[in-house]
$ cat query_22.txt   # compact mmCIF, C-alpha atoms
# COMPACT_ATOMS: atom_id res chain seq x y z
CA MET K 1167 98.66 102.95 74.06
CA GLN K 1168 96.49 100.03 72.99
CA TYR K 1169 95.92 99.03 69.36
CA ARG K 1170 93.02 97.28 67.66
CA THR K 1171 92.28 95.99 64.18
CA LEU K 1172 90.21 98.42 62.12
CA GLY K 1173 87.24 96.25 61.22
CA ARG K 1174 88.36 93.48 58.90
CA THR K 1175 91.05 95.54 57.15
CA GLY K 1176 94.00 94.15 59.10
CA VAL K 1177 95.16 97.71 59.80
CA GLN K 1178 96.16 98.33 63.43
CA VAL K 1179 95.05 101.65 64.91
CA SER K 1180 95.42 103.23 68.33
CA THR K 1181 92.38 103.13 70.61
CA LEU K 1182 92.64 106.91 70.93
CA ALA K 1183 92.66 108.68 67.56
CA LEU K 1184 93.39 112.33 66.91
CA GLY K 1185 90.50 114.33 65.48
CA ALA K 1186 91.55 117.57 63.81
CA MET K 1187 88.25 119.47 63.71
CA ASN K 1188 89.62 122.09 66.11
CA PHE K 1189 92.64 122.88 63.97
CA GLY K 1190 92.26 126.38 62.56
CA ALA K 1191 89.43 128.86 62.95
CA ILE K 1192 86.95 126.45 64.55
CA GLY K 1193 89.15 125.85 67.59
CA ARG K 1194 91.35 128.96 67.22
CA THR K 1195 94.37 126.67 66.96
CA THR K 1196 97.42 128.00 65.10
CA GLN K 1197 99.65 125.96 62.81
CA ASP K 1198 102.40 125.83 65.42
CA GLU K 1199 99.91 124.60 68.03
CA ALA K 1200 98.46 122.03 65.65
CA THR K 1201 101.91 120.71 64.80
CA ALA K 1202 102.82 120.47 68.48
CA ILE K 1203 99.60 118.51 69.14
CA VAL K 1204 100.36 116.12 66.28
CA ASP K 1205 103.96 115.72 67.49
CA ALA K 1206 102.83 114.86 71.02
CA ALA K 1207 100.06 112.56 69.83
CA LEU K 1208 102.41 110.55 67.61
CA GLU K 1209 105.02 110.37 70.37
CA ALA K 1210 102.35 108.96 72.69
CA GLY K 1211 101.49 106.21 70.21
CA ILE K 1212 98.46 107.63 68.39
CA ASN K 1213 98.69 106.59 64.75
CA LEU K 1214 95.28 107.60 63.33
CA ILE K 1215 94.53 111.22 62.40
CA ASP K 1216 91.03 112.14 61.23
CA THR K 1217 89.93 115.36 59.54
CA ALA K 1218 87.37 116.50 56.94
CA ASP K 1219 87.19 118.87 54.00
CA MET K 1220 84.56 121.10 55.62
CA TYR K 1221 86.48 121.68 58.86
CA GLY K 1222 87.33 125.35 58.51
CA ASP K 1223 86.53 125.15 54.78
CA GLY K 1224 89.67 123.09 54.17
CA GLU K 1225 91.87 124.79 56.76
CA SER K 1226 92.09 121.73 59.01
CA GLU K 1227 93.30 119.53 56.14
CA GLU K 1228 95.95 122.10 55.22
CA MET K 1229 97.21 122.26 58.80
CA VAL K 1230 97.25 118.48 59.14
CA GLY K 1231 99.19 118.24 55.89
CA LYS K 1232 101.87 120.62 57.15
CA ALA K 1233 102.02 118.87 60.52
CA ILE K 1234 102.59 115.40 59.05
CA ALA K 1235 105.01 116.42 56.30
CA GLY K 1236 107.90 113.97 56.12
CA ARG K 1237 106.20 111.22 58.15
CA ARG K 1238 103.16 110.33 56.08
CA ASP K 1239 103.90 106.59 56.13
CA ASP K 1240 103.74 106.49 59.94
CA ILE K 1241 100.12 107.66 59.99
CA VAL K 1242 96.74 106.15 59.17
CA LEU K 1243 95.27 109.25 57.56
CA ALA K 1244 91.50 109.72 57.32
CA THR K 1245 89.35 112.50 55.91
CA LYS K 1246 85.72 112.99 54.93
CA ALA K 1247 83.50 114.59 52.28
CA THR K 1248 79.83 115.28 51.35
CA LEU K 1249 78.97 118.24 53.62
CA PRO K 1250 78.70 121.61 51.79
CA MET K 1251 81.86 123.27 50.54
CA GLY K 1252 80.33 126.55 49.43
CA ASP K 1253 77.01 127.72 48.03
CA ASP K 1254 77.13 125.72 44.80
CA PRO K 1255 74.57 122.89 45.22
CA ASN K 1256 76.92 120.50 43.39
CA ARG K 1257 79.83 121.08 45.77
CA ARG K 1258 78.37 118.67 48.32
CA GLY K 1259 76.73 115.27 48.52
CA GLY K 1260 77.67 111.78 47.43
CA SER K 1261 77.62 112.04 43.63
CA ARG K 1262 80.52 110.74 41.55
CA ARG K 1263 80.90 114.22 40.09
CA TRP K 1264 81.53 115.76 43.51
CA LEU K 1265 83.45 112.97 45.25
CA VAL K 1266 86.12 112.82 42.53
CA THR K 1267 86.64 116.57 42.77
CA ALA K 1268 86.40 116.66 46.58
CA LEU K 1269 89.04 113.96 47.00
CA ASP K 1270 91.48 115.71 44.66
CA ASP K 1271 90.95 118.91 46.63
CA SER K 1272 91.58 117.09 49.92
CA LEU K 1273 94.74 115.39 48.62
CA ARG K 1274 96.06 118.77 47.47
CA ARG K 1275 95.36 120.39 50.84
CA LEU K 1276 96.87 117.46 52.75
CA GLY K 1277 99.91 117.35 50.47
CA VAL K 1278 99.64 113.58 49.91
CA ASP K 1279 98.87 111.25 47.02
CA HIS K 1280 96.40 109.06 48.92
CA VAL K 1281 94.42 108.80 52.14
CA ASP K 1282 94.02 105.59 54.07
CA LEU K 1283 90.35 106.08 54.91
CA TYR K 1284 87.89 108.23 52.95
CA GLN K 1285 84.56 108.67 54.72
CA ILE K 1286 81.12 109.80 53.61
CA HIS K 1287 80.51 112.49 56.23
CA ARG K 1288 76.73 112.17 56.14
CA TRP K 1289 74.32 110.00 54.18
CA ASP K 1290 73.07 111.85 51.10
CA PRO K 1291 69.39 110.94 50.52
CA ALA K 1292 69.53 112.50 47.03
CA THR K 1293 72.16 110.03 45.78
CA ALA K 1294 71.77 106.30 45.20
CA ASP K 1295 74.07 104.04 47.22
CA GLU K 1296 75.41 102.43 44.05
CA GLU K 1297 76.38 105.85 42.64
CA THR K 1298 78.45 106.70 45.72
CA LEU K 1299 79.91 103.22 46.16
CA SER K 1300 80.84 102.99 42.47
CA ALA K 1301 82.76 106.28 42.68
CA LEU K 1302 84.52 105.20 45.88
CA THR K 1303 85.41 101.81 44.40
CA ASP K 1304 86.99 103.47 41.35
CA LEU K 1305 88.93 105.90 43.54
CA GLN K 1306 90.18 102.95 45.56
CA ARG K 1307 91.26 101.09 42.42
CA ALA K 1308 93.05 104.24 41.25
CA GLY K 1309 95.12 104.13 44.45
CA LYS K 1310 93.85 107.45 45.80
CA ILE K 1311 92.18 105.84 48.82
CA ARG K 1312 92.95 102.58 50.59
CA TYR K 1313 89.55 102.06 52.26
CA PHE K 1314 86.26 103.92 52.57
CA GLY K 1315 83.73 104.27 55.34
CA SER K 1316 80.58 106.04 56.48
CA SER K 1317 79.98 108.60 59.22
CA THR K 1318 76.86 109.14 61.32
CA PHE K 1319 74.73 106.81 59.21
CA PRO K 1320 71.48 105.47 60.69
CA ALA K 1321 71.61 101.71 61.17
CA TYR K 1322 69.21 100.99 58.31
CA ARG K 1323 71.39 103.00 55.90
CA ILE K 1324 74.48 101.03 56.95
CA VAL K 1325 72.62 97.82 56.14
CA GLN K 1326 71.29 99.20 52.84
CA ALA K 1327 74.78 100.24 51.74
CA GLN K 1328 76.18 96.80 52.54
CA TRP K 1329 73.47 95.17 50.43
CA ALA K 1330 73.97 97.65 47.58
CA ALA K 1331 77.69 96.85 47.53
CA ARG K 1332 76.93 93.15 47.33
CA ALA K 1333 74.21 93.50 44.68
CA HIS K 1334 76.32 95.68 42.40
CA HIS K 1335 79.69 93.95 43.06
CA LEU K 1336 81.24 97.10 44.49
CA GLY K 1337 83.58 97.84 47.37
CA ARG K 1338 81.87 98.28 50.72
CA TYR K 1339 82.16 100.59 53.68
CA VAL K 1340 84.60 99.10 56.18
CA THR K 1341 84.11 101.64 58.97
CA GLU K 1342 81.41 103.76 60.59
CA GLN K 1343 82.05 106.96 62.56
CA PRO K 1344 79.13 107.59 64.97
CA SER K 1345 78.65 109.95 67.89
CA TYR K 1346 78.98 107.96 71.13
CA SER K 1347 79.43 108.86 74.79
CA ILE K 1348 78.07 108.01 78.22
CA LEU K 1349 75.41 110.68 77.69
CA GLN K 1350 74.52 109.63 74.14
CA ARG K 1351 74.15 105.83 74.10
CA GLY K 1352 71.42 105.45 71.49
CA ILE K 1353 73.67 103.73 68.97
CA GLU K 1354 73.97 100.75 71.33
CA ALA K 1355 70.40 99.82 70.35
CA ASP K 1356 70.90 99.65 66.60
CA VAL K 1357 74.08 101.04 65.01
CA LEU K 1358 76.64 99.08 67.05
CA PRO K 1359 74.86 95.71 66.62
CA VAL K 1360 74.84 96.35 62.86
CA THR K 1361 78.53 97.29 62.73
CA GLU K 1362 79.34 94.10 64.63
CA GLU K 1363 77.21 92.04 62.26
CA TYR K 1364 79.05 93.38 59.20
CA GLY K 1365 82.50 93.59 60.78
CA LEU K 1366 82.88 97.35 60.47
CA GLY K 1367 85.46 99.28 62.45
CA VAL K 1368 83.93 101.99 64.65
CA LEU K 1369 85.58 105.38 65.26
CA ALA K 1370 83.50 107.12 67.93
CA TRP K 1371 83.34 110.90 67.79
CA SER K 1372 82.41 113.28 70.63
CA PRO K 1373 83.27 110.77 73.40
CA LEU K 1374 83.41 113.70 75.84
CA ALA K 1375 79.92 114.83 74.78
CA SER K 1376 80.98 118.28 73.56
CA GLY K 1377 82.76 118.95 76.86
CA TRP K 1378 80.03 117.76 79.24
CA LEU K 1379 82.30 114.90 80.33
CA SER K 1380 85.57 116.84 80.44
CA GLY K 1381 85.24 117.72 84.12
CA ALA K 1382 84.69 121.38 83.30
CA VAL K 1383 80.89 121.24 83.55
CA ARG K 1384 79.69 120.96 87.14
CA ARG K 1385 76.77 122.26 89.16
CA GLY K 1386 77.35 125.67 90.70
CA GLN K 1387 80.16 126.77 88.40
CA GLU K 1388 80.03 128.85 85.24
CA VAL K 1389 80.46 126.96 81.98
CA ALA K 1390 83.22 128.86 80.23
CA GLY K 1391 84.59 126.38 77.71
CA HIS K 1392 85.01 127.00 73.99
CA ARG K 1393 82.03 124.81 73.07
CA ALA K 1394 79.79 126.72 75.48
CA THR K 1395 80.76 129.92 73.67
CA ILE K 1396 79.98 128.71 70.16
CA LEU K 1397 77.05 126.43 71.08
CA PRO K 1398 75.43 128.12 74.11
CA GLU K 1399 72.10 126.32 73.62
CA ARG K 1400 73.77 123.02 74.45
CA PHE K 1401 74.61 124.26 77.94
CA ASP K 1402 71.48 126.32 78.66
CA LEU K 1403 70.09 124.87 81.90
CA SER K 1404 66.59 126.12 81.10
CA VAL K 1405 66.49 123.25 78.60
CA PRO K 1406 65.23 120.05 80.30
CA ALA K 1407 67.69 117.82 78.41
CA ASN K 1408 70.59 119.92 79.68
CA ARG K 1409 69.37 119.69 83.27
CA ALA K 1410 69.18 115.90 82.84
CA ARG K 1411 72.73 115.88 81.54
CA LEU K 1412 73.98 117.93 84.47
CA ASP K 1413 72.28 115.59 86.93
CA ALA K 1414 73.97 112.64 85.23
CA VAL K 1415 77.35 114.39 85.22
CA GLU K 1416 77.18 115.01 88.96
CA ARG K 1417 76.49 111.34 89.62
CA LEU K 1418 79.17 110.25 87.17
CA ALA K 1419 81.68 112.52 88.91
CA GLU K 1420 81.05 110.58 92.12
CA VAL K 1421 81.67 107.30 90.29
CA ALA K 1422 84.91 108.64 88.81
CA GLU K 1423 86.14 109.91 92.17
CA GLY K 1424 85.34 106.61 93.84
CA ALA K 1425 87.32 104.76 91.18
CA GLY K 1426 90.29 107.11 91.36
CA LEU K 1427 89.72 108.38 87.84
CA THR K 1428 89.30 111.73 86.16
CA MET K 1429 86.05 112.39 84.32
CA ILE K 1430 87.98 112.20 81.05
CA GLN K 1431 89.36 108.77 81.93
CA LEU K 1432 85.88 107.59 82.86
CA ALA K 1433 84.37 108.93 79.63
CA LEU K 1434 87.03 107.61 77.24
CA GLY K 1435 87.37 104.34 79.12
CA PHE K 1436 83.63 103.80 78.78
CA VAL K 1437 83.64 104.33 74.99
CA THR K 1438 86.63 102.09 74.32
CA ALA K 1439 85.22 99.38 76.60
CA HIS K 1440 82.45 98.55 74.13
CA PRO K 1441 83.49 95.52 72.03
CA ALA K 1442 82.19 97.12 68.83
CA VAL K 1443 84.32 100.27 69.21
CA THR K 1444 87.75 100.41 67.60
CA ALA K 1445 88.84 103.88 68.71
CA ALA K 1446 87.62 107.04 70.40
CA LEU K 1447 88.30 110.26 68.50
CA ILE K 1448 89.69 112.99 70.72
CA GLY K 1449 89.73 116.59 69.47
CA PRO K 1450 92.06 118.67 71.66
CA ARG K 1451 92.43 122.39 71.07
CA THR K 1452 95.58 122.68 73.18
CA LEU K 1453 98.50 120.56 74.32
CA GLY K 1454 97.04 120.63 77.82
CA HIS K 1455 93.79 119.14 76.55
CA LEU K 1456 95.73 116.45 74.72
CA ARG K 1457 97.74 115.49 77.80
CA ASP K 1458 94.57 115.22 79.89
CA GLN K 1459 93.04 112.92 77.28
CA LEU K 1460 96.18 110.84 76.77
CA ALA K 1461 95.97 109.94 80.46
CA ALA K 1462 93.07 107.69 79.45
CA ALA K 1463 95.10 105.75 76.87
CA ASP K 1464 95.41 102.65 79.04
CA THR K 1465 92.25 103.06 81.12
CA ARG K 1466 90.25 99.86 81.52
CA LEU K 1467 87.05 100.28 83.51
CA PRO K 1468 86.20 97.40 85.86
CA ALA K 1469 82.76 95.79 85.75
CA ASP K 1470 81.51 97.55 88.87
CA VAL K 1471 82.27 100.97 87.36
CA LEU K 1472 80.54 100.07 84.09
CA ASP K 1473 77.57 98.78 86.09
CA ALA K 1474 77.41 102.08 87.98
CA ILE K 1475 77.40 104.00 84.71
CA ASP K 1476 74.51 101.85 83.48
CA THR K 1477 72.43 102.84 86.50
CA ILE K 1478 72.97 106.54 85.73
CA VAL K 1479 72.42 106.45 81.96
CA ALA K 1480 70.63 103.32 80.82
CA PRO K 1481 72.07 101.38 77.87
CA GLY K 1482 70.72 102.57 74.53
CA THR K 1483 69.58 105.93 75.95
CA ASP K 1484 70.29 109.40 74.52
CA LEU K 1485 69.98 112.18 77.08
CA ALA K 1486 69.88 114.76 74.28
CA ALA K 1487 68.14 112.98 71.43
CA HIS K 1488 67.43 116.32 69.71
CA GLU K 1489 71.17 116.70 69.03
CA LYS K 1490 71.43 113.50 67.02
CA PHE K 1491 72.78 113.83 63.49
CA ASP K 1492 71.46 110.55 62.08
CA THR K 1493 67.73 111.24 62.38
CA PRO K 1494 65.79 109.83 59.40
CA PRO K 1495 64.64 112.71 57.13
CA ALA K 1496 60.96 111.79 57.54
CA LEU K 1497 61.14 112.65 61.25
CA LEU K 1498 62.32 116.16 60.42
CA ASP K 1499 60.18 116.95 57.35
CA PRO K 1500 56.39 116.47 57.84
CA SER K 1501 55.80 116.30 54.08
CA LEU K 1502 57.70 113.00 53.97
CA ARG K 1503 55.21 111.48 56.40
CA ARG K 1504 52.08 112.43 54.47
CA ARG K 1505 50.59 111.40 51.15

$ encode --input "query_22.txt" --output "structure tokens"
Amino acid sequence: MQYRTLGRTGVQVSTLALGAMNFGAIGRTTQDEATAIVDAALEAGINLIDTADMYGDGESEEMVGKAIAGRRDDIVLATKATLPMGDDPNRRGGSRRWLVTALDDSLRRLGVDHVDLYQIHRWDPATADEETLSALTDLQRAGKIRYFGSSTFPAYRIVQAQWAARAHHLGRYVTEQPSYSILQRGIEADVLPVTEEYGLGVLAWSPLASGWLSGAVRRGQEVAGHRATILPERFDLSVPANRARLDAVERLAEVAEGAGLTMIQLALGFVTAHPAVTAALIGPRTLGHLRDQLAAADTRLPADVLDAIDTIVAPGTDLAAHEKFDTPPALLDPSLRRR
């Protein structure tokens, strides 16, 4: 396992990090299975575990808490807040009122007195940056969080938050958690240059592109994975973007075979090869999935393989731009584009 410094924090984290979204109902993973995955991940050298309050409505945090009991100090523990936790309109977002409550709830579920990294799961356009940053700074000073970061922020919001922190003399985000894979490279055009400029650590989620790069999606065979069951529209080949992805996958499979790599090694090796990326978040549902992904822990792609990938999916290109989660609100709501 390789280790890198998380932004400018001085904290060393493994280049593969364990994402716990699939723990519980979402991934149909039991507590025993989740604990076995955590055990194997830690034994392999992974030291960063990432979850969120809304994963299974708190179930993932509870399962992580039980799995890490007795070894909290060996783990860089990260969680997230701001996405809805029920129907109450105030149980979501980036307000001080909610973040203070949400963090206490997360700490209770995790069975710990602090988290190492507390992340704003999505930018909240209804809340001023200084409101959110002020709350996070106070929580940090209270010892409940060590650092705080953002997740899936557009580049301009990352910049705005950095300037708000400076203008109001508040703590700043030290990490960003964006979606990044061979098939979704859009952040190379804006987000990653900004994170490099400000020295943010980058924890890339969905490096296997929701299973497209796992080796299980190939032309001529039925897509039967868990993601295809819960998100069938993402694998519907009547959708042009999905046909483009399948074409790319077939060509990438040839590159992987020629290099003596699995598709998973190619996909994870690509993400961790970018100089702005600190770690790739893997989200196994089973021990078998974890072992397949751990095989990429020391993968370093040579220049000719990276060049071949560039010819298949051009740098800065998203093959499924409609699945992005950082789209500016004005592109989704026509009323915001009209006087």

$ atom_distance --input "query_22.txt" --atom1 "CA of Asp1198 in chain K" --atom2 "CA of Ala1218 in chain K"
19.6 Å

$ closest_residue --input "query_22.txt" --among "K:Thr1171, K:Pro1494, K:Met1220, K:Gly1252" --to "Ala1321 in chain K" --atoms "all atoms listed in the file"
K:Pro1494

$ atom_distance --input "query_22.txt" --atom1 "CA of Ile1286 in chain K" --atom2 "CA of Leu1369 in chain K"
13.2 Å

$ atom_distance --input "query_22.txt" --atom1 "CA of Pro1468 in chain K" --atom2 "CA of Gln1431 in chain K"
12.4 Å

$ residues_around --input "query_22.txt" --residues "Arg1258 in chain K" --least-positions-apart "6" --cutoff "12 Å" --atoms "all atoms listed in the file" --output "PyMOL selection string"
chain K and resi 1219-1220+1246-1252+1264-1269+1286-1290+1292-1293

$ residues_around --input "query_22.txt" --residues "Ala1355 in chain K" --least-positions-apart "5" --cutoff "12 Å" --atoms "all atoms listed in the file" --output "ChimeraX atom specification"
/K:1320-1321,1346,1350,1360-1361,1480-1484

$ write_last_selection --input "query_22.txt" --atoms "C-alpha atoms" --output "PDB file, in the coordinates of the input"
ATOM      1  CA  PRO K1320      71.480 105.470  60.690  1.00  0.00           C
ATOM      2  CA  ALA K1321      71.610 101.710  61.170  1.00  0.00           C
ATOM      3  CA  TYR K1346      78.980 107.960  71.130  1.00  0.00           C
ATOM      4  CA  GLN K1350      74.520 109.630  74.140  1.00  0.00           C
ATOM      5  CA  VAL K1360      74.840  96.350  62.860  1.00  0.00           C
ATOM      6  CA  THR K1361      78.530  97.290  62.730  1.00  0.00           C
ATOM      7  CA  ALA K1480      70.630 103.320  80.820  1.00  0.00           C
ATOM      8  CA  PRO K1481      72.070 101.380  77.870  1.00  0.00           C
ATOM      9  CA  GLY K1482      70.720 102.570  74.530  1.00  0.00           C
ATOM     10  CA  THR K1483      69.580 105.930  75.950  1.00  0.00           C
ATOM     11  CA  ASP K1484      70.290 109.400  74.520  1.00  0.00           C
TER      12      ASP K1484
END

$ residues_around --input "query_22.txt" --residues "Arg1409 in chain K" --least-positions-apart "4" --cutoff "12 Å" --atoms "only C-alpha atoms" --output "ChimeraX atom specification"
/K:1378,1383-1385,1400-1405,1413-1416,1485-1486

$ closest_residue --input "query_22.txt" --among "K:Gln1343, K:Ser1300, K:Gln1197, K:Thr1465" --to "Met1429 in chain K" --atoms "all atoms listed in the file"
K:Thr1465
